[in-house]
$ cat my_file-v1.pdb   # PDB, C-alpha atoms and all ligand atoms
ATOM      1  CA  MET G  30      88.988  62.318 101.516
ATOM      2  CA  ARG G  31      90.185  65.902 101.104
ATOM      3  CA  GLU G  32      90.858  66.949  97.531
ATOM      4  CA  PRO G  33      94.495  67.818  96.916
ATOM      5  CA  ARG G  34      95.126  71.547  96.853
ATOM      6  CA  ALA G  35      94.951  72.901  93.290
ATOM      7  CA  THR G  36      98.239  74.497  92.247
ATOM      8  CA  ALA G  37      99.937  75.681  89.078
ATOM      9  CA  GLN G  38     103.625  76.450  89.000
ATOM     10  CA  LEU G  39     106.075  77.711  86.408
ATOM     11  CA  ARG G  40     109.723  77.427  87.436
ATOM     12  CA  GLY G  41     112.571  79.064  85.592
ATOM     13  CA  VAL G  42     110.687  78.932  82.308
ATOM     14  CA  ASP G  43     112.296  80.064  79.067
ATOM     15  CA  LEU G  44     110.295  80.432  75.900
ATOM     16  CA  HIS G  45     111.703  81.309  72.497
ATOM     17  CA  PHE G  46     109.733  81.940  69.341
ATOM     18  CA  SER G  47     111.091  81.851  65.776
ATOM     19  CA  ARG G  48     113.490  78.943  66.258
ATOM     20  CA  GLY G  49     115.249  80.423  69.265
ATOM     21  CA  LYS G  50     115.746  83.904  67.810
ATOM     22  CA  ARG G  51     113.138  85.629  69.892
ATOM     23  CA  SER G  52     113.084  85.150  73.643
ATOM     24  CA  VAL G  53     109.781  86.074  75.304
ATOM     25  CA  LEU G  54     110.205  84.473  78.736
ATOM     26  CA  SER G  55     113.577  83.913  80.360
ATOM     27  CA  GLY G  56     113.632  82.294  83.757
ATOM     28  CA  ALA G  57     110.025  83.190  84.585
ATOM     29  CA  THR G  58     108.827  81.745  87.894
ATOM     30  CA  LEU G  59     105.234  82.086  89.068
ATOM     31  CA  GLY G  60     102.784  79.950  90.988
ATOM     32  CA  PHE G  61      99.214  80.249  92.151
ATOM     33  CA  GLY G  62      96.777  77.986  93.865
ATOM     34  CA  ALA G  63      93.506  77.397  95.658
ATOM     35  CA  GLY G  64      92.305  80.379  97.653
ATOM     36  CA  GLU G  65      94.314  82.925  95.703
ATOM     37  CA  ILE G  66      93.523  85.583  93.126
ATOM     38  CA  VAL G  67      96.763  86.564  91.463
ATOM     39  CA  ALA G  68      96.877  89.514  89.057
ATOM     40  CA  LEU G  69      99.593  89.558  86.415
ATOM     41  CA  LEU G  70     100.674  93.016  85.281
ATOM     42  CA  GLY G  71     102.969  93.689  82.348
ATOM     43  CA  ALA G  72     103.251  96.098  79.445
ATOM     44  CA  ASN G  73     101.809  95.236  76.019
ATOM     45  CA  GLY G  74     103.832  92.398  74.538
ATOM     46  CA  ALA G  75     105.446  91.485  77.892
ATOM     47  CA  GLY G  76     104.393  87.845  77.481
ATOM     48  CA  LYS G  77     101.304  87.507  79.697
ATOM     49  CA  SER G  78      99.275  85.536  77.123
ATOM     50  CA  THR G  79     102.335  83.442  76.310
ATOM     51  CA  LEU G  80     102.695  82.552  79.996
ATOM     52  CA  PHE G  81      98.987  81.624  80.077
ATOM     53  CA  ARG G  82      99.345  79.427  77.003
ATOM     54  CA  LEU G  83     102.213  77.605  78.706
ATOM     55  CA  LEU G  84     100.103  76.972  81.800
ATOM     56  CA  LEU G  85      97.255  75.672  79.651
ATOM     57  CA  GLY G  86      99.537  73.352  77.722
ATOM     58  CA  PHE G  87      99.071  75.117  74.362
ATOM     59  CA  LEU G  88     102.793  75.940  74.228
ATOM     60  CA  THR G  89     105.796  74.001  75.473
ATOM     61  CA  ALA G  90     108.555  75.751  77.394
ATOM     62  CA  SER G  91     112.015  75.804  75.769
ATOM     63  CA  SER G  92     113.374  75.030  79.264
ATOM     64  CA  GLY G  93     112.283  75.124  82.886
ATOM     65  CA  GLU G  94     109.211  73.343  84.190
ATOM     66  CA  VAL G  95     105.463  73.747  84.389
ATOM     67  CA  ARG G  96     103.500  71.723  86.962
ATOM     68  CA  LEU G  97      99.794  71.343  87.659
ATOM     69  CA  ASP G  98      98.825  69.965  91.072
ATOM     70  CA  GLY G  99     102.462  68.906  91.414
ATOM     71  CA  ALA G 100     102.534  66.835  88.199
ATOM     72  CA  PRO G 101     104.733  67.879  85.256
ATOM     73  CA  LEU G 102     102.389  69.313  82.627
ATOM     74  CA  ALA G 103     104.107  67.200  79.983
ATOM     75  CA  SER G 104     102.965  64.040  81.778
ATOM     76  CA  LEU G 105      99.280  65.015  81.578
ATOM     77  CA  SER G 106      96.881  64.401  78.688
ATOM     78  CA  ARG G 107      94.897  67.310  77.221
ATOM     79  CA  ARG G 108      91.860  66.019  79.084
ATOM     80  CA  GLU G 109      93.716  65.820  82.419
ATOM     81  CA  ILE G 110      94.978  69.376  81.915
ATOM     82  CA  ALA G 111      91.438  70.606  81.107
ATOM     83  CA  LYS G 112      90.133  69.050  84.320
ATOM     84  CA  ARG G 113      92.672  71.049  86.314
ATOM     85  CA  VAL G 114      92.881  74.405  84.594
ATOM     86  CA  ALA G 115      90.332  76.344  82.534
ATOM     87  CA  TYR G 116      90.793  79.419  80.390
ATOM     88  CA  VAL G 117      88.437  82.390  80.354
ATOM     89  CA  PRO G 118      89.174  84.492  77.259
ATOM     90  CA  GLN G 119      88.333  88.159  76.988
ATOM     91  CA  GLY G 120      84.551  88.314  76.251
ATOM     92  CA  HIS G 121      84.857  87.162  72.650
ATOM     93  CA  VAL G 122      81.873  86.805  70.330
ATOM     94  CA  THR G 123      81.406  83.660  68.306
ATOM     95  CA  PRO G 124      79.684  84.158  64.944
ATOM     96  CA  PHE G 125      77.263  81.317  65.844
ATOM     97  CA  PRO G 126      74.080  82.111  67.774
ATOM     98  CA  TYR G 127      74.567  79.396  70.409
ATOM     99  CA  THR G 128      72.420  79.883  73.469
ATOM    100  CA  VAL G 129      74.059  80.636  76.799
ATOM    101  CA  ARG G 130      73.202  77.087  77.884
ATOM    102  CA  GLU G 131      74.979  75.672  74.810
ATOM    103  CA  VAL G 132      78.086  77.812  75.338
ATOM    104  CA  VAL G 133      78.315  76.702  78.977
ATOM    105  CA  THR G 134      77.707  73.073  77.958
ATOM    106  CA  LEU G 135      80.838  73.307  75.779
ATOM    107  CA  GLY G 136      82.723  73.401  79.085
ATOM    108  CA  ARG G 137      81.693  69.768  79.598
ATOM    109  CA  LEU G 138      83.505  68.657  76.408
ATOM    110  CA  PRO G 139      86.678  67.398  78.132
ATOM    111  CA  GLU G 140      84.384  65.115  80.147
ATOM    112  CA  THR G 141      81.850  64.088  77.496
ATOM    113  CA  GLY G 142      84.135  64.022  74.437
ATOM    114  CA  LEU G 143      82.763  64.939  71.042
ATOM    115  CA  LEU G 144      80.705  61.818  70.561
ATOM    116  CA  ARG G 145      78.711  61.460  73.755
ATOM    117  CA  ALA G 146      75.624  63.647  74.266
ATOM    118  CA  PRO G 147      75.450  65.527  77.582
ATOM    119  CA  ARG G 148      73.807  63.399  80.294
ATOM    120  CA  ALA G 149      71.469  64.492  83.094
ATOM    121  CA  GLU G 150      74.541  64.962  85.307
ATOM    122  CA  ASP G 151      76.164  67.312  82.748
ATOM    123  CA  ARG G 152      72.926  69.286  82.426
ATOM    124  CA  GLU G 153      72.723  69.644  86.206
ATOM    125  CA  ILE G 154      76.287  70.953  86.381
ATOM    126  CA  VAL G 155      75.567  73.444  83.582
ATOM    127  CA  GLU G 156      72.428  74.711  85.285
ATOM    128  CA  SER G 157      74.100  74.967  88.664
ATOM    129  CA  VAL G 158      77.068  77.052  87.408
ATOM    130  CA  ILE G 159      74.668  79.284  85.476
ATOM    131  CA  ALA G 160      72.666  79.809  88.690
ATOM    132  CA  ARG G 161      75.853  80.407  90.666
ATOM    133  CA  LEU G 162      76.764  83.294  88.376
ATOM    134  CA  GLY G 163      73.197  84.657  88.495
ATOM    135  CA  ILE G 164      72.566  84.466  84.748
ATOM    136  CA  GLU G 165      69.606  82.031  84.748
ATOM    137  CA  ARG G 166      67.413  84.570  82.965
ATOM    138  CA  LEU G 167      69.777  84.390  79.974
ATOM    139  CA  ILE G 168      69.919  80.625  79.674
ATOM    140  CA  ASP G 169      68.018  80.367  76.379
ATOM    141  CA  ARG G 170      69.207  83.677  74.906
ATOM    142  CA  PRO G 171      71.658  83.630  71.963
ATOM    143  CA  TYR G 172      75.175  84.383  73.219
ATOM    144  CA  THR G 173      75.546  86.765  70.262
ATOM    145  CA  GLU G 174      72.721  88.949  71.624
ATOM    146  CA  ILE G 175      73.771  89.472  75.240
ATOM    147  CA  SER G 176      75.926  92.270  76.663
ATOM    148  CA  GLY G 177      79.710  92.167  77.181
ATOM    149  CA  GLY G 178      79.276  91.772  80.949
ATOM    150  CA  GLU G 179      76.803  88.929  80.458
ATOM    151  CA  ARG G 180      79.191  87.267  77.991
ATOM    152  CA  GLN G 181      82.027  87.461  80.532
ATOM    153  CA  LEU G 182      79.886  85.748  83.179
ATOM    154  CA  THR G 183      78.848  83.111  80.599
ATOM    155  CA  LEU G 184      82.510  82.372  79.833
ATOM    156  CA  ILE G 185      83.286  82.045  83.551
ATOM    157  CA  ALA G 186      80.324  79.658  83.841
ATOM    158  CA  ARG G 187      81.728  77.634  80.923
ATOM    159  CA  ALA G 188      85.101  77.399  82.709
ATOM    160  CA  LEU G 189      83.411  76.294  85.945
ATOM    161  CA  ALA G 190      81.366  73.682  84.048
ATOM    162  CA  GLN G 191      84.716  72.221  82.995
ATOM    163  CA  GLY G 192      85.254  71.336  86.661
ATOM    164  CA  ALA G 193      88.749  72.855  86.843
ATOM    165  CA  ARG G 194      89.817  74.375  90.176
ATOM    166  CA  LEU G 195      92.308  76.714  88.511
ATOM    167  CA  LEU G 196      91.066  79.540  86.308
ATOM    168  CA  VAL G 197      93.224  81.630  83.997
ATOM    169  CA  MET G 198      91.530  84.820  82.831
ATOM    170  CA  ASP G 199      92.599  87.234  80.159
ATOM    171  CA  GLU G 200      91.724  90.808  81.179
ATOM    172  CA  PRO G 201      88.356  89.782  82.614
ATOM    173  CA  ALA G 202      87.228  93.297  83.562
ATOM    174  CA  THR G 203      87.968  94.964  80.216
ATOM    175  CA  GLY G 204      84.898  96.611  78.738
ATOM    176  CA  LEU G 205      82.718  95.909  81.765
ATOM    177  CA  ASP G 206      80.642  98.694  83.268
ATOM    178  CA  TYR G 207      81.176  99.591  86.915
ATOM    179  CA  GLY G 208      78.376  97.309  88.152
ATOM    180  CA  TYR G 209      79.692  94.297  86.236
ATOM    181  CA  GLN G 210      83.246  95.006  87.425
ATOM    182  CA  LEU G 211      82.082  94.874  91.037
ATOM    183  CA  ARG G 212      79.991  91.746  90.390
ATOM    184  CA  LEU G 213      82.986  90.129  88.707
ATOM    185  CA  MET G 214      85.167  90.891  91.746
ATOM    186  CA  ARG G 215      82.560  89.395  94.057
ATOM    187  CA  HIS G 216      82.380  86.221  91.945
ATOM    188  CA  LEU G 217      86.157  85.871  91.872
ATOM    189  CA  SER G 218      86.397  86.367  95.594
ATOM    190  CA  ASP G 219      83.637  83.731  96.177
ATOM    191  CA  LEU G 220      85.455  81.336  93.858
ATOM    192  CA  SER G 221      88.757  81.720  95.686
ATOM    193  CA  ALA G 222      86.956  81.323  99.034
ATOM    194  CA  ASP G 223      85.595  77.945  97.937
ATOM    195  CA  GLY G 224      88.967  76.586  96.861
ATOM    196  CA  HIS G 225      89.502  77.855  93.321
ATOM    197  CA  GLY G 226      92.739  79.530  92.321
ATOM    198  CA  VAL G 227      92.500  82.429  89.874
ATOM    199  CA  LEU G 228      95.178  84.042  87.705
ATOM    200  CA  VAL G 229      94.102  87.174  85.818
ATOM    201  CA  SER G 230      95.996  89.438  83.478
ATOM    202  CA  THR G 231      95.144  93.101  83.580
ATOM    203  CA  HIS G 232      96.416  96.412  82.278
ATOM    204  CA  HIS G 233      95.091  98.327  85.274
ATOM    205  CA  PRO G 234      97.202  98.358  88.443
ATOM    206  CA  GLU G 235      94.360  99.868  90.501
ATOM    207  CA  GLN G 236      91.995  97.149  89.343
ATOM    208  CA  ALA G 237      94.643  94.560  90.200
ATOM    209  CA  MET G 238      94.856  95.965  93.716
ATOM    210  CA  GLN G 239      91.095  95.792  94.203
ATOM    211  CA  LEU G 240      90.829  92.305  92.759
ATOM    212  CA  ALA G 241      93.902  90.374  93.791
ATOM    213  CA  THR G 242      95.312  88.752  96.877
ATOM    214  CA  ARG G 243      98.736  88.888  95.176
ATOM    215  CA  ILE G 244     100.207  90.823  92.269
ATOM    216  CA  ALA G 245     102.995  89.626  89.991
ATOM    217  CA  ILE G 246     104.842  91.813  87.513
ATOM    218  CA  LEU G 247     106.171  90.407  84.261
ATOM    219  CA  ASN G 248     108.962  92.476  82.793
ATOM    220  CA  GLU G 249     111.690  91.602  80.310
ATOM    221  CA  GLY G 250     110.807  87.923  80.399
ATOM    222  CA  ARG G 251     110.955  87.549  84.176
ATOM    223  CA  ILE G 252     108.607  87.893  87.112
ATOM    224  CA  GLU G 253     110.355  90.895  88.633
ATOM    225  CA  ALA G 254     108.035  91.219  91.632
ATOM    226  CA  ASP G 255     105.479  88.940  93.229
ATOM    227  CA  GLY G 256     103.776  89.645  96.522
ATOM    228  CA  ALA G 257     101.164  91.555  98.471
ATOM    229  CA  PRO G 258      99.474  94.207  96.280
ATOM    230  CA  GLN G 259     100.505  97.149  98.488
ATOM    231  CA  ALA G 260     104.123  96.007  98.478
ATOM    232  CA  VAL G 261     104.341  95.377  94.729
ATOM    233  CA  VAL G 262     102.575  98.466  93.384
ATOM    234  CA  THR G 263     105.012 101.299  94.019
ATOM    235  CA  ALA G 264     105.349 104.558  92.080
ATOM    236  CA  ASP G 265     108.849 103.693  90.945
ATOM    237  CA  ARG G 266     107.945 100.229  89.673
ATOM    238  CA  ILE G 267     104.767 101.267  87.852
ATOM    239  CA  SER G 268     106.488 104.301  86.324
ATOM    240  CA  ARG G 269     109.324 102.118  85.003
ATOM    241  CA  LEU G 270     107.027  99.370  83.790
ATOM    242  CA  TYR G 271     104.780 101.571  81.684
ATOM    243  CA  GLY G 272     107.241 104.376  80.891
ATOM    244  CA  VAL G 273     105.041 107.089  82.398
ATOM    245  CA  GLU G 274     105.525 108.871  85.679
ATOM    246  CA  VAL G 275     102.891 108.087  88.291
ATOM    247  CA  ALA G 276     102.421 108.925  91.937
ATOM    248  CA  VAL G 277     101.016 106.356  94.337
ATOM    249  CA  PHE G 278      99.036 107.292  97.432
ATOM    250  CA  ASP G 279      96.550 105.751  99.859
ATOM    251  CA  ASP G 280      93.063 107.275  99.838
ATOM    252  CA  PRO G 281      91.082 107.955 103.046
ATOM    253  CA  PHE G 282      89.379 104.551 102.683
ATOM    254  CA  GLY G 283      92.710 102.725 102.717
ATOM    255  CA  ALA G 284      92.753 101.893  98.988
ATOM    256  CA  ARG G 285      95.962 102.486  97.064
ATOM    257  CA  ARG G 286      95.537 104.885  94.151
ATOM    258  CA  LEU G 287      97.652 105.933  91.192
ATOM    259  CA  ALA G 288      97.720 109.277  89.464
ATOM    260  CA  PRO G 289      99.848 110.481  86.554
ATOM    261  CA  VAL G 290     102.374 113.155  87.517
ATOM    262  CA  ALA G 291     101.153 116.283  85.714
ATOM    263  CA  GLY G 292     103.337 117.554  82.888
ATOM    264  CA  ARG G 293     105.833 114.674  82.970
ATOM    265  CA  ASN G 294     104.172 112.235  80.626
ATOM    266  CA  GLY G 295     104.802 113.727  77.235
ATOM    267  CA  ARG G 296     101.670 115.846  77.114
ATOM    268  CA  ALA G 297     101.936 119.611  76.854
ATOM    269  CA  GLU G 298     100.594 121.475  79.843
ATOM    270  CA  GLY G 299      97.930 123.954  78.844
TER     271      GLY G 299
HETATM  272  N1  LIG J   1     103.275  82.519  67.935
HETATM  273  C1  LIG J   1     104.144  83.513  68.081
HETATM  274  N2  LIG J   1     105.248  83.603  67.271
HETATM  275  C2  LIG J   1     106.142  84.594  67.422
HETATM  276  N3  LIG J   1     106.043  85.575  68.335
HETATM  277  C3  LIG J   1     104.970  85.549  69.161
HETATM  278  C4  LIG J   1     103.961  84.542  69.077
HETATM  279  N4  LIG J   1     103.028  84.778  70.040
HETATM  280  C5  LIG J   1     103.423  85.900  70.676
HETATM  281  N5  LIG J   1     104.584  86.346  70.154
HETATM  282  C6  LIG J   1     105.336  87.538  70.614
HETATM  283  O1  LIG J   1     105.641  87.328  71.990
HETATM  284  C7  LIG J   1     105.563  88.567  72.696
HETATM  285  C8  LIG J   1     104.638  88.404  73.876
HETATM  286  O2  LIG J   1     103.308  88.318  73.395
HETATM  287  P1  LIG J   1     102.075  88.107  74.373
HETATM  288  O3  LIG J   1     100.852  88.073  73.519
HETATM  289  O4  LIG J   1     102.333  86.960  75.242
HETATM  290  O5  LIG J   1     102.129  89.469  75.214
HETATM  291  P2  LIG J   1     101.044  90.091  76.207
HETATM  292  O6  LIG J   1     101.780  90.506  77.442
HETATM  293  O7  LIG J   1      99.910  89.143  76.384
HETATM  294  O8  LIG J   1     100.593  91.370  75.389
HETATM  295  P3  LIG J   1      99.249  92.242  75.425
HETATM  296  O9  LIG J   1      99.182  92.861  76.794
HETATM  297  O10 LIG J   1      99.495  93.269  74.382
HETATM  298  O11 LIG J   1      98.103  91.340  75.119
HETATM  299  C9  LIG J   1     105.115  89.618  71.704
HETATM  300  O12 LIG J   1     106.240  90.340  71.264
HETATM  301  C10 LIG J   1     104.510  88.813  70.584
HETATM  302  O13 LIG J   1     104.675  89.472  69.356
END
$ encode --input "my_file-v1.pdb" --output "structure tokens" --more "lines below"
Ligand SMILES: Nc1ncnc2c1ncn2[C@@H]1O[C@H](COP(=O)(O)OP(=O)(O)OP(=O)(O)O)[C@@H](O)[C@H]1O
Amino acid sequence: MREPRATAQLRGVDLHFSRGKRSVLSGATLGFGAGEIVALLGANGAGKSTLFRLLLGFLTASSGEVRLDGAPLASLSRREIAKRVAYVPQGHVTPFPYTVREVVTLGRLPETGLLRAPRAEDREIVESVIARLGIERLIDRPYTEISGGERQLTLIARALAQGARLLVMDEPATGLDYGYQLRLMRHLSDLSADGHGVLVSTHHPEQAMQLATRIAILNEGRIEADGAPQAVVTADRISRLYGVEVAVFDDPFGARRLAPVAGRNGRAEG
């Protein structure tokens, strides 16, 4: 039997903090699913993490609906949510010197619960996702002693060990060197090719264009654009979004590039 297509969908979502005084999302609509890599762009404080927390069930929308694989999120238990969607935080460091294997094994928690020890099947899953991300050589190294790029791959492995087909990633390329950025893109593209859906937030429109099959822009509580990268990233939109004037052009290799317009971004010309 074919597995149902993994999908996440927010429709017309409002979210208020501070007992309704502060509106962060108002009528936000965004979906993503298997085979897609969607990049979410938005200025600092636009609400990207808030939107992620809604999708992961850590926050409840004031109104509108959130669905995972077609089911209202509110009808799913924490465990059912964790089997559908996994979160990859920005390469954070825990104070505890867990090994890479132990960190990835934490991804099995929704399956094993706190009381049951990992079984042979869990260990096999952990080893196979570690191999998939090419970090076998790190398996017994303390997570606190590996590089930022290696930590990011470990966190992706942990999310895959969870078994979720949908991955939500907070600025996954931040702090990665050029090699790790390219490796990360290759992993994301392999994941989407084998039926995962990926939603990433990023502060870099050019990175979003290299990484994503679709780009969505969150501005003033709404998704103001959502579509093919080349169509969404325009000079006018990026200039308005970040309050700096940029020019957009296509380089000889067909990639879309951005460049600040000299002398128009508050810096004295010298
Ligand atoms: N628990 C909370 N209570 C009140 N306000 C909050 C809470 N969490 C976030 N906010 C506010 O909601 C707004 C959106 O925050 P959010 O972290 O979602 O933005 P973001 O787009 O992820 O920002 P950044 O790019 O800087 O990480 C911000 O103004 C933030 O101060």
$ resolve_selection --input "my_file-v1.pdb" --expression "the PyMOL selection byres (((chain G and resi 134-137) around 12) and not hetatm)" --output "MDAnalysis selection string"
chainID G and resid 108 111:112 114:117 127:133 138:143 145:159 168 183:193
$ closest_atom_pairs --input "my_file-v1.pdb" --of "chain G" --to "ligand LIG 1 (chain J)" --cutoff "12 Å" --atoms "all atoms listed in the file" --output "CSV"
residue,atom,partner,partner_atom,distance
G:Leu44,CA,J:LIG1,O1,9.2
G:His45,CA,J:LIG1,C2,8.2
G:Phe46,CA,J:LIG1,C2,4.9
G:Ser47,CA,J:LIG1,C2,5.9
G:Arg48,CA,J:LIG1,C2,9.3
G:Gly49,CA,J:LIG1,C2,10.2
G:Lys50,CA,J:LIG1,C2,9.6
G:Arg51,CA,J:LIG1,N3,7.3
G:Ser52,CA,J:LIG1,O1,7.9
G:Val53,CA,J:LIG1,O1,5.4
G:Leu54,CA,J:LIG1,C8,8.4
G:Ser55,CA,J:LIG1,C8,11.9
G:Leu69,CA,J:LIG1,O6,9.3
G:Leu70,CA,J:LIG1,O6,8.3
G:Gly71,CA,J:LIG1,O6,6.0
G:Ala72,CA,J:LIG1,O9,5.8
G:Asn73,CA,J:LIG1,O10,3.5
G:Gly74,CA,J:LIG1,O5,3.5
G:Ala75,CA,J:LIG1,O6,3.8
G:Gly76,CA,J:LIG1,O4,3.2
G:Lys77,CA,J:LIG1,O6,3.8
G:Ser78,CA,J:LIG1,O7,3.7
G:Thr79,CA,J:LIG1,O4,3.7
G:Leu80,CA,J:LIG1,O4,6.5
G:Phe81,CA,J:LIG1,O4,7.9
G:Arg82,CA,J:LIG1,O4,8.3
G:Leu83,CA,J:LIG1,O4,10.0
G:Phe87,CA,J:LIG1,N1,10.7
G:Leu88,CA,J:LIG1,N1,9.1
G:Thr89,CA,J:LIG1,N1,11.7
G:Pro118,CA,J:LIG1,O11,11.5
G:Gln119,CA,J:LIG1,O11,10.4
G:Met198,CA,J:LIG1,O7,11.4
G:Asp199,CA,J:LIG1,O7,8.4
G:Glu200,CA,J:LIG1,O11,8.8
G:Thr203,CA,J:LIG1,O11,11.9
G:Val229,CA,J:LIG1,O7,11.3
G:Ser230,CA,J:LIG1,O7,8.1
G:Thr231,CA,J:LIG1,O9,7.9
G:His232,CA,J:LIG1,O9,7.1
G:His233,CA,J:LIG1,O9,10.9
G:Ile246,CA,J:LIG1,O6,10.6
G:Leu247,CA,J:LIG1,O6,8.1
G:Asn248,CA,J:LIG1,O6,9.2
G:Glu249,CA,J:LIG1,C8,10.1
G:Gly250,CA,J:LIG1,C8,9.0
G:Arg251,CA,J:LIG1,O6,11.8
G:Tyr271,CA,J:LIG1,O9,11.5
$ residues_around --input "my_file-v1.pdb" --residues "stretch 64-66 of chain G" --least-positions-apart "5" --cutoff "8 Å" --atoms "all atoms listed in the file" --output "PDB file with C-alpha atoms, in the frame of the given file"
ATOM      1  CA  LEU G 217      86.157  85.871  91.872  1.00  0.00           C
ATOM      2  CA  SER G 218      86.397  86.367  95.594  1.00  0.00           C
ATOM      3  CA  LEU G 220      85.455  81.336  93.858  1.00  0.00           C
ATOM      4  CA  SER G 221      88.757  81.720  95.686  1.00  0.00           C
ATOM      5  CA  ALA G 222      86.956  81.323  99.034  1.00  0.00           C
ATOM      6  CA  ASP G 223      85.595  77.945  97.937  1.00  0.00           C
ATOM      7  CA  GLY G 224      88.967  76.586  96.861  1.00  0.00           C
ATOM      8  CA  HIS G 225      89.502  77.855  93.321  1.00  0.00           C
ATOM      9  CA  GLY G 226      92.739  79.530  92.321  1.00  0.00           C
ATOM     10  CA  VAL G 227      92.500  82.429  89.874  1.00  0.00           C
ATOM     11  CA  LEU G 228      95.178  84.042  87.705  1.00  0.00           C
ATOM     12  CA  VAL G 229      94.102  87.174  85.818  1.00  0.00           C
ATOM     13  CA  LEU G 240      90.829  92.305  92.759  1.00  0.00           C
ATOM     14  CA  ALA G 241      93.902  90.374  93.791  1.00  0.00           C
ATOM     15  CA  THR G 242      95.312  88.752  96.877  1.00  0.00           C
ATOM     16  CA  ARG G 243      98.736  88.888  95.176  1.00  0.00           C
TER      17      ARG G 243
END
$ atom_distance --input "my_file-v1.pdb" --atom1 "atom CA of G:Arg40" --atom2 "atom CA of G:Glu235"
27.4 Å
$ atom_distance --input "my_file-v1.pdb" --atom1 "atom CA of G:Leu59" --atom2 "atom CA of G:Leu39"
5.2 Å
$ atom_distance --input "my_file-v1.pdb" --atom1 "atom CA of G:Leu196" --atom2 "atom CA of G:Leu162"
14.9 Å
$ closest_residue --input "my_file-v1.pdb" --among "G:Arg180, G:Arg212, G:Arg194, G:Arg266" --to "G:Leu97" --atoms "only C-alpha atoms"
G:Arg194
$ closest_residue --input "my_file-v1.pdb" --among "G:Gly178, G:Gly62, G:Gly204, G:Pro281" --to "G:Ile164" --atoms "all atoms listed in the file"
G:Gly178
$ closest_residue --input "my_file-v1.pdb" --among "G:Pro124, G:Asp280, G:Val262, G:Ile267" --to "G:Thr173" --atoms "all atoms listed in the file"
G:Pro124
$ closest_residue --input "my_file-v1.pdb" --among "G:Arg215, G:Gly163, G:Leu287, G:Gln259" --to "G:Val273" --atoms "only C-alpha atoms"
G:Leu287
$ residues_around --input "my_file-v1.pdb" --residues "G:Gly41" --least-positions-apart "2" --cutoff "6 Å" --atoms "all atoms listed in the file" --output "PyMOL selection string"
chain G and resi 56-58+93
$ resolve_selection --input "my_file-v1.pdb" --expression "the PyMOL selection byres (((chain G and resi 37) around 8) and not hetatm)" --output "list in words"
Ala35, Thr36, Gln38, Leu39, Gly60, Phe61, Gly62, Leu84, Val95, Arg96, Leu97, Asp98, Gly99 and Leu195 of chain G
